[in-house]
file run-v3.cif (mmCIF, C-alpha atoms)
data_entry
#
loop_
_atom_site.label_atom_id
_atom_site.label_comp_id
_atom_site.auth_asym_id
_atom_site.auth_seq_id
_atom_site.Cartn_x
_atom_site.Cartn_y
_atom_site.Cartn_z
CA MET A 1 108.24 48.62 94.36
CA ALA A 2 109.74 49.77 97.64
CA SER A 3 107.80 52.34 99.62
CA GLN A 4 109.38 55.49 101.05
CA THR A 5 109.56 53.84 104.47
CA ASP A 6 111.60 50.97 102.98
CA ARG A 7 114.39 53.39 102.10
CA PRO A 8 117.12 54.05 104.65
CA ALA A 9 116.89 57.19 106.76
CA VAL A 10 119.71 59.70 106.35
CA PHE A 11 121.08 61.57 109.40
CA SER A 12 122.97 64.76 108.58
CA GLY A 13 124.53 65.53 111.97
CA LEU A 14 123.88 68.53 114.22
CA GLN A 15 123.56 72.03 112.81
CA GLU A 16 122.98 75.32 114.57
CA GLY A 17 120.97 78.29 113.41
CA ALA A 18 117.62 80.05 113.39
CA LEU A 19 114.39 78.06 113.46
CA VAL A 20 111.54 80.17 112.11
CA LEU A 21 107.86 79.30 111.94
CA ALA A 22 105.77 81.63 109.77
CA ASP A 23 102.12 80.96 110.56
CA ILE A 24 99.05 82.42 108.86
CA SER A 25 96.64 83.30 111.65
CA GLY A 26 92.90 82.91 111.13
CA TYR A 27 93.26 80.32 108.40
CA SER A 28 91.29 77.56 110.17
CA LYS A 29 88.27 79.85 110.55
CA PHE A 30 88.79 81.09 106.99
CA VAL A 31 88.67 77.55 105.59
CA ALA A 32 85.69 76.52 107.72
CA GLN A 33 83.60 79.41 106.43
CA THR A 34 84.65 79.48 102.78
CA GLU A 35 84.89 77.43 99.57
CA VAL A 36 87.69 74.87 99.71
CA ASP A 37 89.03 75.35 96.17
CA HIS A 38 89.31 79.14 96.44
CA SER A 39 90.65 79.11 99.99
CA TRP A 40 93.37 76.68 98.92
CA SER A 41 94.47 78.83 95.97
CA ILE A 42 94.60 81.88 98.26
CA LEU A 43 96.72 80.00 100.81
CA HIS A 44 99.04 78.70 98.09
CA GLU A 45 99.61 82.21 96.75
CA LEU A 46 100.38 83.62 100.19
CA LEU A 47 102.75 80.76 101.09
CA ASP A 48 104.52 81.18 97.76
CA THR A 49 104.89 84.91 98.44
CA MET A 50 106.61 84.17 101.76
CA VAL A 51 108.96 81.58 100.25
CA ARG A 52 110.02 83.93 97.46
CA SER A 53 110.50 86.77 99.95
CA VAL A 54 113.23 84.91 101.87
CA GLN A 55 114.70 83.02 98.92
CA GLY A 56 118.47 82.84 99.21
CA ARG A 57 118.39 83.79 102.89
CA MET A 58 116.37 80.99 104.46
CA ASP A 59 115.69 77.39 103.50
CA VAL A 60 112.23 75.85 103.57
CA SER A 61 112.38 72.78 105.78
CA GLN A 62 108.70 71.88 105.89
CA VAL A 63 105.32 73.25 104.81
CA GLU A 64 102.90 72.46 107.61
CA GLY A 65 99.41 73.32 106.40
CA ASP A 66 99.11 77.09 106.90
CA ALA A 67 102.64 77.42 108.30
CA ILE A 68 106.19 77.12 106.97
CA LEU A 69 109.22 76.02 108.96
CA PHE A 70 112.35 77.86 107.78
CA ILE A 71 115.95 77.36 108.88
CA SER A 72 118.70 79.90 108.37
CA GLY A 73 122.37 80.48 109.02
CA LEU A 74 121.96 84.26 108.85
CA SER A 75 122.95 86.39 111.79
CA THR A 76 120.04 86.92 114.17
CA PRO A 77 119.60 90.64 113.32
CA ASP A 78 119.47 89.70 109.63
CA VAL A 79 116.82 87.06 110.37
CA ILE A 80 114.61 89.67 112.06
CA ALA A 81 115.12 92.11 109.17
CA ALA A 82 114.24 89.39 106.63
CA LEU A 83 111.04 88.55 108.49
CA GLU A 84 109.98 92.19 108.57
CA ARG A 85 110.49 92.30 104.79
CA THR A 86 108.42 89.12 104.45
CA PHE A 87 105.66 90.63 106.59
CA ILE A 88 105.47 93.59 104.20
CA ASP A 89 105.48 91.32 101.14
CA PHE A 90 102.70 89.18 102.66
CA HIS A 91 100.44 92.15 103.33
CA ARG A 92 101.18 93.78 100.01
CA ARG A 93 100.11 90.60 98.22
CA LEU A 94 97.05 90.31 100.49
CA ARG A 95 96.03 93.87 99.62
CA ASP A 96 96.63 93.35 95.90
CA MET A 97 94.54 90.16 95.98
CA GLN A 98 91.68 92.10 97.55
CA THR A 99 92.07 94.84 94.93
CA VAL A 100 91.90 92.63 91.85
CA THR A 101 89.40 89.98 92.94
CA THR A 102 85.93 90.19 91.44
CA CYS A 103 84.77 86.82 92.76
CA PRO A 104 81.83 87.14 95.20
CA CYS A 105 82.53 83.85 97.04
CA ASN A 106 83.16 83.89 100.80
CA ALA A 107 86.84 82.99 100.42
CA CYS A 108 87.64 85.87 98.08
CA ALA A 109 85.47 88.31 100.04
CA ASN A 110 87.18 87.49 103.35
CA ILE A 111 90.85 87.50 102.39
CA GLY A 112 91.42 90.42 104.75
CA ILE A 113 90.88 88.33 107.90
CA LEU A 114 94.19 86.51 107.36
CA LYS A 115 97.14 87.64 109.50
CA LEU A 116 100.77 86.58 109.89
CA LYS A 117 102.88 85.79 112.94
CA PHE A 118 106.42 84.51 113.41
CA ILE A 119 108.02 82.24 116.01
CA VAL A 120 111.83 82.48 116.12
CA HIS A 121 114.19 80.29 118.14
CA HIS A 122 117.93 79.72 117.87
CA GLY A 123 119.24 76.26 118.54
CA LYS A 124 120.63 72.96 117.33
CA PHE A 125 118.91 70.45 115.10
CA SER A 126 119.59 67.63 112.69
CA ARG A 127 118.11 67.22 109.23
CA GLN A 128 116.85 63.71 108.62
CA ARG A 129 115.54 62.40 105.33
CA LEU A 130 113.13 59.51 105.09
CA GLY A 131 112.63 58.75 101.42
CA ASN A 132 111.85 62.11 99.79
CA VAL A 133 110.67 63.76 103.01
CA GLU A 134 112.94 65.88 105.23
CA GLN A 135 112.27 66.22 108.93
CA LEU A 136 114.09 68.32 111.50
CA HIS A 137 114.93 66.58 114.75
CA GLY A 138 115.90 67.94 118.16
CA THR A 139 114.61 69.53 121.33
CA ASP A 140 114.97 73.04 119.89
CA VAL A 141 112.68 72.10 117.01
CA ILE A 142 110.06 71.04 119.56
CA VAL A 143 110.49 74.33 121.44
CA ALA A 144 109.71 76.35 118.29
CA HIS A 145 106.58 74.30 117.57
CA ARG A 146 105.31 74.47 121.14
CA LEU A 147 105.39 78.27 120.95
CA LEU A 148 102.81 78.26 118.18
CA LYS A 149 100.25 77.76 120.96
CA ASN A 150 100.83 80.80 123.15
CA THR A 151 99.14 83.55 125.11
CA VAL A 152 100.55 86.55 123.22
CA PRO A 153 97.79 89.22 123.19
CA SER A 154 98.06 89.98 119.48
CA LYS A 155 97.33 88.41 116.10
CA GLU A 156 100.46 89.68 114.34
CA TYR A 157 103.74 89.48 116.17
CA LEU A 158 107.30 88.24 116.40
CA LEU A 159 107.66 85.86 119.35
CA VAL A 160 111.30 85.08 120.05
CA THR A 161 113.11 83.09 122.74
CA ASP A 162 115.91 84.24 125.03
CA ALA A 163 118.35 82.46 122.70
CA VAL A 164 117.31 84.95 120.01
CA LEU A 165 117.15 88.03 122.24
CA GLU A 166 120.70 87.54 123.50
CA ARG A 167 121.94 87.64 119.90
CA LEU A 168 120.24 90.97 119.12
CA PRO A 169 121.70 94.44 119.69
CA ALA A 170 120.35 96.29 122.72
CA ASP A 171 118.22 98.76 120.73
CA THR A 172 116.42 95.89 119.00
CA ARG A 173 115.94 93.93 122.25
CA ARG A 174 114.16 96.91 123.78
CA ARG A 175 111.35 96.55 121.23
CA PHE A 176 110.28 93.20 122.73
CA HIS A 177 107.94 92.75 125.69
CA PRO A 178 109.10 90.04 128.14
CA HIS A 179 107.03 86.88 127.78
CA THR A 180 107.06 83.37 129.27
CA GLU A 181 105.11 80.25 128.34
CA GLU A 182 104.80 77.05 130.41
CA PHE A 183 104.91 73.71 128.60
CA ASP A 184 105.69 70.08 129.34
CA LEU A 185 109.28 71.02 128.46
CA GLY A 186 109.26 73.59 131.27
CA ALA A 187 109.19 77.39 131.11
CA ILE A 188 110.21 78.98 127.81
CA SER A 189 111.03 82.65 128.17
CA GLY A 190 111.71 85.36 125.63
CA GLY A 191 109.77 88.31 124.30
CA TYR A 192 107.29 89.45 121.66
CA GLU A 193 106.85 92.49 119.46
CA GLU A 194 103.59 93.46 117.78
CA ILE A 195 104.46 94.11 114.13
CA ALA A 196 101.31 95.49 112.48
CA TYR A 197 103.08 98.87 112.41
CA VAL A 198 105.74 97.46 110.03
CA TRP A 199 103.20 97.15 107.20
CA GLN A 200 101.41 100.37 108.15
CA GLU A 201 104.63 102.37 107.88
CA ALA A 202 105.63 100.68 104.62
CA GLU A 203 102.21 101.24 103.06
CA ALA A 204 102.16 104.89 104.13
CA VAL A 205 105.23 105.69 102.05
CA GLU A 206 104.39 103.52 99.04
CA ARG A 207 104.22 105.40 95.77
CA LYS A 208 101.65 104.45 93.15
CA ARG A 209 102.04 107.20 90.55
CA VAL A 210 104.68 109.61 89.30
CA LEU A 211 103.33 112.84 87.81
CA PRO A 212 105.28 114.70 85.11
CA ASP A 213 105.97 117.70 87.34
CA GLU A 214 107.40 115.37 90.03
CA ALA A 215 109.62 113.37 87.71
CA LEU A 216 113.38 113.49 87.40
CA VAL A 217 113.01 112.32 83.80
CA ASN A 218 110.09 112.65 81.38
CA SER A 219 109.82 110.90 78.03
CA GLU A 220 107.09 110.69 75.41
CA ILE A 221 106.98 107.92 72.82
CA THR A 222 104.54 107.29 69.96
CA VAL A 223 103.89 103.63 69.20
CA ASP A 224 102.37 102.08 66.06
CA ALA A 225 99.85 100.09 68.06
CA PRO A 226 96.58 100.67 69.92
CA PRO A 227 96.88 101.27 73.68
CA ASP A 228 95.60 97.83 74.72
CA LEU A 229 98.21 96.06 72.60
CA ALA A 230 101.05 98.36 73.72
CA TYR A 231 100.05 97.80 77.34
CA ARG A 232 100.03 94.01 76.95
CA ARG A 233 103.40 93.97 75.18
CA MET A 234 105.07 96.02 77.89
CA LEU A 235 104.64 93.16 80.38
CA GLN A 236 105.85 90.34 78.15
CA PRO A 237 109.34 89.16 79.19
CA LYS A 238 110.72 88.90 75.64
CA VAL A 239 109.60 92.46 74.89
CA MET A 240 110.94 93.68 78.21
CA GLU A 241 114.36 92.26 77.34
CA ARG A 242 114.43 94.71 74.41
CA TYR A 243 113.34 97.91 76.10
CA LEU A 244 115.19 97.20 79.36
CA PHE A 245 118.33 96.04 77.53
CA SER A 246 118.30 92.89 79.61
CA ASP A 247 119.96 89.56 78.89
CA SER A 248 116.89 87.78 80.24
CA VAL A 249 113.73 88.53 82.19
CA GLU A 250 112.05 86.10 84.60
CA ALA A 251 108.39 86.77 85.42
CA GLN A 252 106.33 85.99 88.50
CA PRO A 253 102.54 86.38 88.17
CA GLY A 254 100.72 89.07 90.08
CA ALA A 255 97.87 88.84 92.57
CA ARG A 256 95.34 86.18 91.52
CA GLY A 257 97.18 85.92 88.18
CA GLU A 258 96.57 89.58 87.29
CA ASP A 259 99.10 92.29 86.38
CA LEU A 260 99.00 94.03 89.77
CA GLY A 261 101.85 92.78 91.94
CA SER A 262 103.59 90.89 89.13
CA GLU A 263 107.36 90.83 89.45
CA PHE A 264 110.14 90.70 86.88
CA HIS A 265 113.76 89.82 87.55
CA CYS A 266 115.86 91.49 84.87
CA HIS A 267 119.40 90.19 84.38
CA HIS A 268 121.99 92.65 83.02
CA GLY A 269 125.34 90.92 82.78
CA GLY A 270 126.25 90.17 86.38
CA SER A 271 123.68 92.54 87.88
CA LEU A 272 120.01 92.05 88.66
CA VAL A 273 117.15 94.56 88.70
CA ASN A 274 113.82 93.62 90.28
CA MET A 275 110.71 95.28 88.87
CA ARG A 276 107.24 95.11 90.44
CA VAL A 277 103.94 96.44 89.08
CA VAL A 278 102.52 98.67 91.82
CA SER A 279 99.41 99.93 90.03
CA ALA A 280 97.68 98.87 86.83
CA ASP A 281 94.78 100.21 84.78
CA PRO A 282 94.90 98.00 81.65
CA GLY A 283 95.20 99.95 78.42
CA ARG A 284 95.46 103.25 80.23
CA GLU A 285 98.17 103.37 82.87
CA LEU A 286 100.90 101.24 84.42
CA THR A 287 103.30 102.02 87.27
CA ASP A 288 106.28 99.91 88.19
CA HIS A 289 108.90 100.08 90.90
CA ARG A 290 112.45 99.11 89.93
CA ARG A 291 115.16 98.25 92.40
CA PRO A 292 118.62 96.80 91.77
CA ALA A 293 119.37 93.69 93.82
CA ASP A 294 121.82 95.75 95.90
CA GLY A 295 118.91 97.97 96.98
CA HIS A 296 120.36 101.21 95.61
CA ALA A 297 119.09 103.76 93.06
CA HIS A 298 115.52 102.50 92.96
CA HIS A 299 112.86 104.46 91.12
CA HIS A 300 109.24 104.43 89.96
CA SER A 301 108.11 104.66 86.36
CA LEU A 302 104.54 105.44 85.33
CA CYS A 303 103.41 104.88 81.73
CA ARG A 304 100.18 106.54 80.55
CA PHE A 305 98.76 105.58 77.16
CA ARG A 306 97.00 108.20 75.03
CA ARG A 307 95.28 107.07 71.82
CA ARG A 308 96.23 108.78 68.55
CA ARG A 309 94.23 107.38 65.62
CA ASP A 310 95.68 103.91 65.00
CA ALA A 311 98.65 104.55 67.30
CA CYS A 312 99.12 105.66 70.88
CA THR A 313 101.51 107.86 72.82
CA ALA A 314 103.16 106.46 75.93
CA ILE A 315 103.99 109.24 78.38
CA VAL A 316 106.62 108.06 80.85
CA PRO A 317 107.67 110.17 83.85
CA LEU A 318 110.30 108.57 86.12
CA GLY A 319 110.91 109.35 89.77
CA ARG A 320 114.47 108.97 91.05
CA ALA A 321 115.78 107.84 87.68
CA GLY A 322 119.35 106.69 87.38
CA GLY A 323 120.08 108.50 84.10
CA SER A 324 118.58 110.37 81.17
CA ARG A 325 119.24 107.96 78.27
CA ARG A 326 116.19 106.44 76.60
CA ARG A 327 115.96 104.26 73.53
CA ALA A 328 113.25 103.22 71.15
CA VAL A 329 111.46 99.96 71.73
CA GLY A 330 109.44 97.77 69.43
CA ALA A 331 107.70 94.41 69.49
CA PRO A 332 106.08 92.12 66.96
CA ASP A 333 102.38 92.85 66.74
CA ASP A 334 99.65 90.20 66.73
CA GLY A 335 99.92 89.83 62.97
CA GLY A 336 103.58 88.86 63.14
CA HIS A 337 104.81 92.25 61.86
CA ARG A 338 107.28 94.35 63.73
CA GLY A 339 105.94 97.52 65.26
CA SER A 340 108.25 100.42 66.10
CA TRP A 341 108.50 103.50 68.22
CA ARG A 342 108.19 106.57 66.03
CA GLY A 343 107.43 110.27 65.92
CA ARG A 344 108.24 112.78 68.64
CA HIS A 345 110.53 111.33 71.28
CA GLN A 346 111.59 113.89 73.81
CA ILE A 347 113.42 113.71 77.09
CA GLY A 348 113.40 116.39 79.73
CA LEU A 349 114.86 116.79 83.21
CA ARG A 350 112.36 118.29 85.62
CA GLY A 351 110.47 119.83 82.72
CA ARG A 352 113.60 121.23 81.00
CA SER A 353 114.65 119.98 77.57
CA LEU A 354 118.02 118.54 76.78
CA GLY A 355 119.76 120.98 74.47
CA HIS A 356 120.83 118.54 71.76
CA PRO A 357 119.46 115.94 69.34
CA SER A 358 119.24 112.40 70.71
CA GLU A 359 119.39 109.11 68.86
CA PHE A 360 117.39 106.09 69.90
CA ALA A 361 117.82 102.50 68.77
CA CYS A 362 117.13 99.05 70.08
CA GLY A 363 118.85 95.94 68.78
CA GLY A 364 117.89 95.47 65.13
CA TRP A 365 115.24 98.18 65.15
CA PRO A 366 115.56 101.13 62.79
CA ARG A 367 117.59 103.99 64.20
CA LEU A 368 115.45 107.05 64.81
CA ARG A 369 116.57 110.59 65.39
CA ALA A 370 114.55 112.69 67.75
CA PRO A 371 114.06 116.33 66.80
CA ALA A 372 116.49 118.77 68.29
CA ALA A 373 115.19 119.89 71.65
CA SER A 374 114.38 123.55 72.06
CA PRO A 375 116.32 125.52 74.67
CA GLY A 376 114.88 125.11 78.16
#
call {"tool": "encode", "arguments": {"input": "run-v3.cif", "output": "structure tokens"}}
result
Amino acid sequence: MASQTDRPAVFSGLQEGALVLADISGYSKFVAQTEVDHSWSILHELLDTMVRSVQGRMDVSQVEGDAILFISGLSTPDVIAALERTFIDFHRRLRDMQTVTTCPCNACANIGILKLKFIVHHGKFSRQRLGNVEQLHGTDVIVAHRLLKNTVPSKEYLLVTDAVLERLPADTRRRFHPHTEEFDLGAISGGYEEIAYVWQEAEAVERKRVLPDEALVNSEITVDAPPDLAYRRMLQPKVMERYLFSDSVEAQPGARGEDLGSEFHCHHGGSLVNMRVVSADPGRELTDHRRPADGHAHHHSLCRFRRRRDACTAIVPLGRAGGSRRRAVGAPDDGGHRGSWRGRHQIGLRGRSLGHPSEFACGGWPRLRAPAASPG
């Protein structure tokens, strides 16, 4: 059988674009002081988070231990914006991992020491394939890798070259401190920006709960199931397809495999809505953040479960909802029988009732009529 090196190399010709190295700082120390199996699973989860964050905007060229080399044909301002989004996603997953972990090992206890930095260069390169392995080739590829070893006085930063700076608008360029490194290739000049503030600002405005008196829409639903079962069903893709009226739902697991941080991509015809669990108290409370792929009309939905004999009531206030229509939802229970939403089902806008009866149905589920709402 021929080895990979027996196969001919493939040269793709020169391309031009952004070369981005996303490097997890502190990982070497983290591995040296922790359990190998847990440290590897933590690294894998963080790398996967970064890859999914830039999916469709950047291509993964190589995974290099605790770093990823991306290439992109995006405009330079869009590259910087994408990396800021990735920085937020990285730290959000890091925080969620710390929140849900109960493992006392050194790796799980020291997740917080991990940081993220980016090296960005713009240049020319070729993509060569040797067997099943792709390698980038060119002087500009070397420049990007050399800059991983630098004297930037920060652990979390964007370090960019002059080739990047000259492609940025003036107001963005002013955020970068001039910086030069000396290598065997000669002097490489550019600038750096400390980016810890990007996550701090994003975290400061994150919303975890929506209270009824804050909501644009309130709804209350009684379910023929205990709270634990209703909670579990709400996060199953096939059930979500029914209550979200979605053609299909794709799920990504949350932090350390838990509910917190799990993501759902809900397809509605030609549109896509992304849903992320932002807080979870199993059997009691669940908050999600929903955002269409175009970034508009996003809102938060909090579901609180209140036990009522052999059933439970799900109380659902929504912040920044896109409309007032709600429908009943049901799911097969563990015994293979279909459960259903039943009883009082009321919708209000900022605490005021709608002044007419409302009908709720879902697919083949029985049609239910909510009682006429009293005047507000």
call {"tool": "resolve_selection", "arguments": {"input": "run-v3.cif", "expression": "the PyMOL selection byres ((chain A and resi 106-122) around 6)", "output": "PDB file with C-alpha atoms, in the frame of the given file"}}
result
ATOM      1  CA  GLY A  17     120.970  78.290 113.410  1.00  0.00           C
ATOM      2  CA  ALA A  18     117.620  80.050 113.390  1.00  0.00           C
ATOM      3  CA  LEU A  19     114.390  78.060 113.460  1.00  0.00           C
ATOM      4  CA  VAL A  20     111.540  80.170 112.110  1.00  0.00           C
ATOM      5  CA  LEU A  21     107.860  79.300 111.940  1.00  0.00           C
ATOM      6  CA  ALA A  22     105.770  81.630 109.770  1.00  0.00           C
ATOM      7  CA  ASP A  23     102.120  80.960 110.560  1.00  0.00           C
ATOM      8  CA  ILE A  24      99.050  82.420 108.860  1.00  0.00           C
ATOM      9  CA  SER A  25      96.640  83.300 111.650  1.00  0.00           C
ATOM     10  CA  GLY A  26      92.900  82.910 111.130  1.00  0.00           C
ATOM     11  CA  THR A  34      84.650  79.480 102.780  1.00  0.00           C
ATOM     12  CA  GLU A  35      84.890  77.430  99.570  1.00  0.00           C
ATOM     13  CA  SER A  39      90.650  79.110  99.990  1.00  0.00           C
ATOM     14  CA  CYS A 105      82.530  83.850  97.040  1.00  0.00           C
ATOM     15  CA  GLY A 123     119.240  76.260 118.540  1.00  0.00           C
ATOM     16  CA  ALA A 144     109.710  76.350 118.290  1.00  0.00           C
ATOM     17  CA  GLU A 156     100.460  89.680 114.340  1.00  0.00           C
ATOM     18  CA  TYR A 157     103.740  89.480 116.170  1.00  0.00           C
ATOM     19  CA  LEU A 158     107.300  88.240 116.400  1.00  0.00           C
ATOM     20  CA  LEU A 159     107.660  85.860 119.350  1.00  0.00           C
ATOM     21  CA  VAL A 160     111.300  85.080 120.050  1.00  0.00           C
ATOM     22  CA  THR A 161     113.110  83.090 122.740  1.00  0.00           C
ATOM     23  CA  ALA A 163     118.350  82.460 122.700  1.00  0.00           C
ATOM     24  CA  VAL A 164     117.310  84.950 120.010  1.00  0.00           C
TER      25      VAL A 164
END
call {"tool": "residues_around", "arguments": {"input": "run-v3.cif", "residues": "Glu181 (chain A)", "least_positions_apart": "4", "cutoff": "9 Å", "atoms": "only C-alpha atoms", "output": "list in words"}}
result
Leu147, Asn150, Thr151, Gly186, Ala187, Ile188, Ser189 and Gly190 of chain A
call {"tool": "atom_distance", "arguments": {"input": "run-v3.cif", "atom1": "CA of Ile71 (chain A)", "atom2": "CA of Phe90 (chain A)"}}
result
18.8 Å
call {"tool": "atom_distance", "arguments": {"input": "run-v3.cif", "atom1": "CA of Ala225 (chain A)", "atom2": "CA of Val100 (chain A)"}}
result
26.2 Å
call {"tool": "residues_around", "arguments": {"input": "run-v3.cif", "residues": "Pro169 (chain A)", "least_positions_apart": "3", "cutoff": "12 Å", "atoms": "all atoms listed in the file", "output": "MDAnalysis selection string"}}
result
chainID A and resid 75:78 80 164:166 172:176
call {"tool": "residues_around", "arguments": {"input": "run-v3.cif", "residues": "Ser271 (chain A)", "least_positions_apart": "6", "cutoff": "9 Å", "atoms": "all atoms listed in the file", "output": "list in words"}}
result
Pro292, Ala293 and Asp294 of chain A
call {"tool": "atom_distance", "arguments": {"input": "run-v3.cif", "atom1": "CA of Ile68 (chain A)", "atom2": "CA of Thr49 (chain A)"}}
result
11.6 Å
call {"tool": "axis_aligned_box", "arguments": {"input": "run-v3.cif", "around": "region 59-63 of chain A", "padding_each_side": "6 Å", "output": "AutoDock Vina command-line options"}}
result
--center_x 110.5 --center_y 74.6 --center_z 104.7 --size_x 22.4 --size_y 17.5 --size_z 14.4
call {"tool": "resolve_selection", "arguments": {"input": "run-v3.cif", "expression": "the PyMOL selection byres ((chain A and resi 15) around 9)", "output": "VMD selection string"}}
result
chain A and resid 12 to 14 16 to 17 123 to 127
call {"tool": "resolve_selection", "arguments": {"input": "run-v3.cif", "expression": "the PyMOL selection byres ((chain A and resi 133) around 10)", "output": "list in words"}}
result
Gln4, Ala9, Ser61, Gln62, Gln128, Arg129, Leu130, Gly131, Asn132, Glu134 and Gln135 of chain A
call {"tool": "closest_residue", "arguments": {"input": "run-v3.cif", "among": "A:Leu235, A:Asp184, A:Gln98, A:Met275", "to": "Ile42 (chain A)", "atoms": "all atoms listed in the file"}}
result
A:Gln98
call {"tool": "closest_residue", "arguments": {"input": "run-v3.cif", "among": "A:Pro317, A:Gly56, A:Asp66, A:Met50", "to": "Lys29 (chain A)", "atoms": "only C-alpha atoms"}}
result
A:Asp66
call {"tool": "closest_residue", "arguments": {"input": "run-v3.cif", "among": "A:His44, A:Arg304, A:Lys238, A:Arg85", "to": "Gly65 (chain A)", "atoms": "all atoms listed in the file"}}
result
A:His44
call {"tool": "closest_residue", "arguments": {"input": "run-v3.cif", "among": "A:Val205, A:Ala82, A:Ile315, A:Ala170", "to": "Leu302 (chain A)", "atoms": "all atoms listed in the file"}}
result
A:Ile315
call {"tool": "build_atoms", "arguments": {"input": "run-v3.cif", "residues": "region 35-48 of chain A", "atoms": "N, CA and C atoms", "output": "compact mmCIF listing (two decimals), in the coordinates of the input"}}
result
# COMPACT_ATOMS: atom_id res chain seq x y z
N GLU A 35 84.79 78.49 100.57
CA GLU A 35 84.89 77.43 99.57
C GLU A 35 86.29 76.86 99.55
N VAL A 36 86.40 75.53 99.57
CA VAL A 36 87.69 74.87 99.71
C VAL A 36 88.63 75.20 98.55
N ASP A 37 88.13 75.15 97.30
CA ASP A 37 89.03 75.35 96.17
C ASP A 37 89.62 76.76 96.16
N HIS A 38 88.80 77.77 96.45
CA HIS A 38 89.31 79.14 96.44
C HIS A 38 90.19 79.41 97.65
N SER A 39 89.83 78.88 98.81
CA SER A 39 90.65 79.11 99.99
C SER A 39 92.02 78.47 99.82
N TRP A 40 92.08 77.31 99.15
CA TRP A 40 93.37 76.68 98.92
C TRP A 40 94.25 77.51 97.98
N SER A 41 93.67 78.04 96.90
CA SER A 41 94.47 78.83 95.97
C SER A 41 94.98 80.10 96.64
N ILE A 42 94.18 80.69 97.52
CA ILE A 42 94.60 81.88 98.26
C ILE A 42 95.76 81.54 99.18
N LEU A 43 95.64 80.43 99.92
CA LEU A 43 96.72 80.00 100.81
C LEU A 43 97.99 79.73 100.02
N HIS A 44 97.87 79.03 98.90
CA HIS A 44 99.04 78.70 98.09
C HIS A 44 99.76 79.97 97.63
N GLU A 45 99.00 80.97 97.22
CA GLU A 45 99.61 82.21 96.75
C GLU A 45 100.34 82.94 97.87
N LEU A 46 99.75 82.94 99.06
CA LEU A 46 100.38 83.62 100.19
C LEU A 46 101.63 82.87 100.67
N LEU A 47 101.58 81.54 100.71
CA LEU A 47 102.75 80.76 101.09
C LEU A 47 103.87 80.96 100.08
N ASP A 48 103.53 80.97 98.80
CA ASP A 48 104.52 81.18 97.76
C ASP A 48 105.16 82.56 97.88
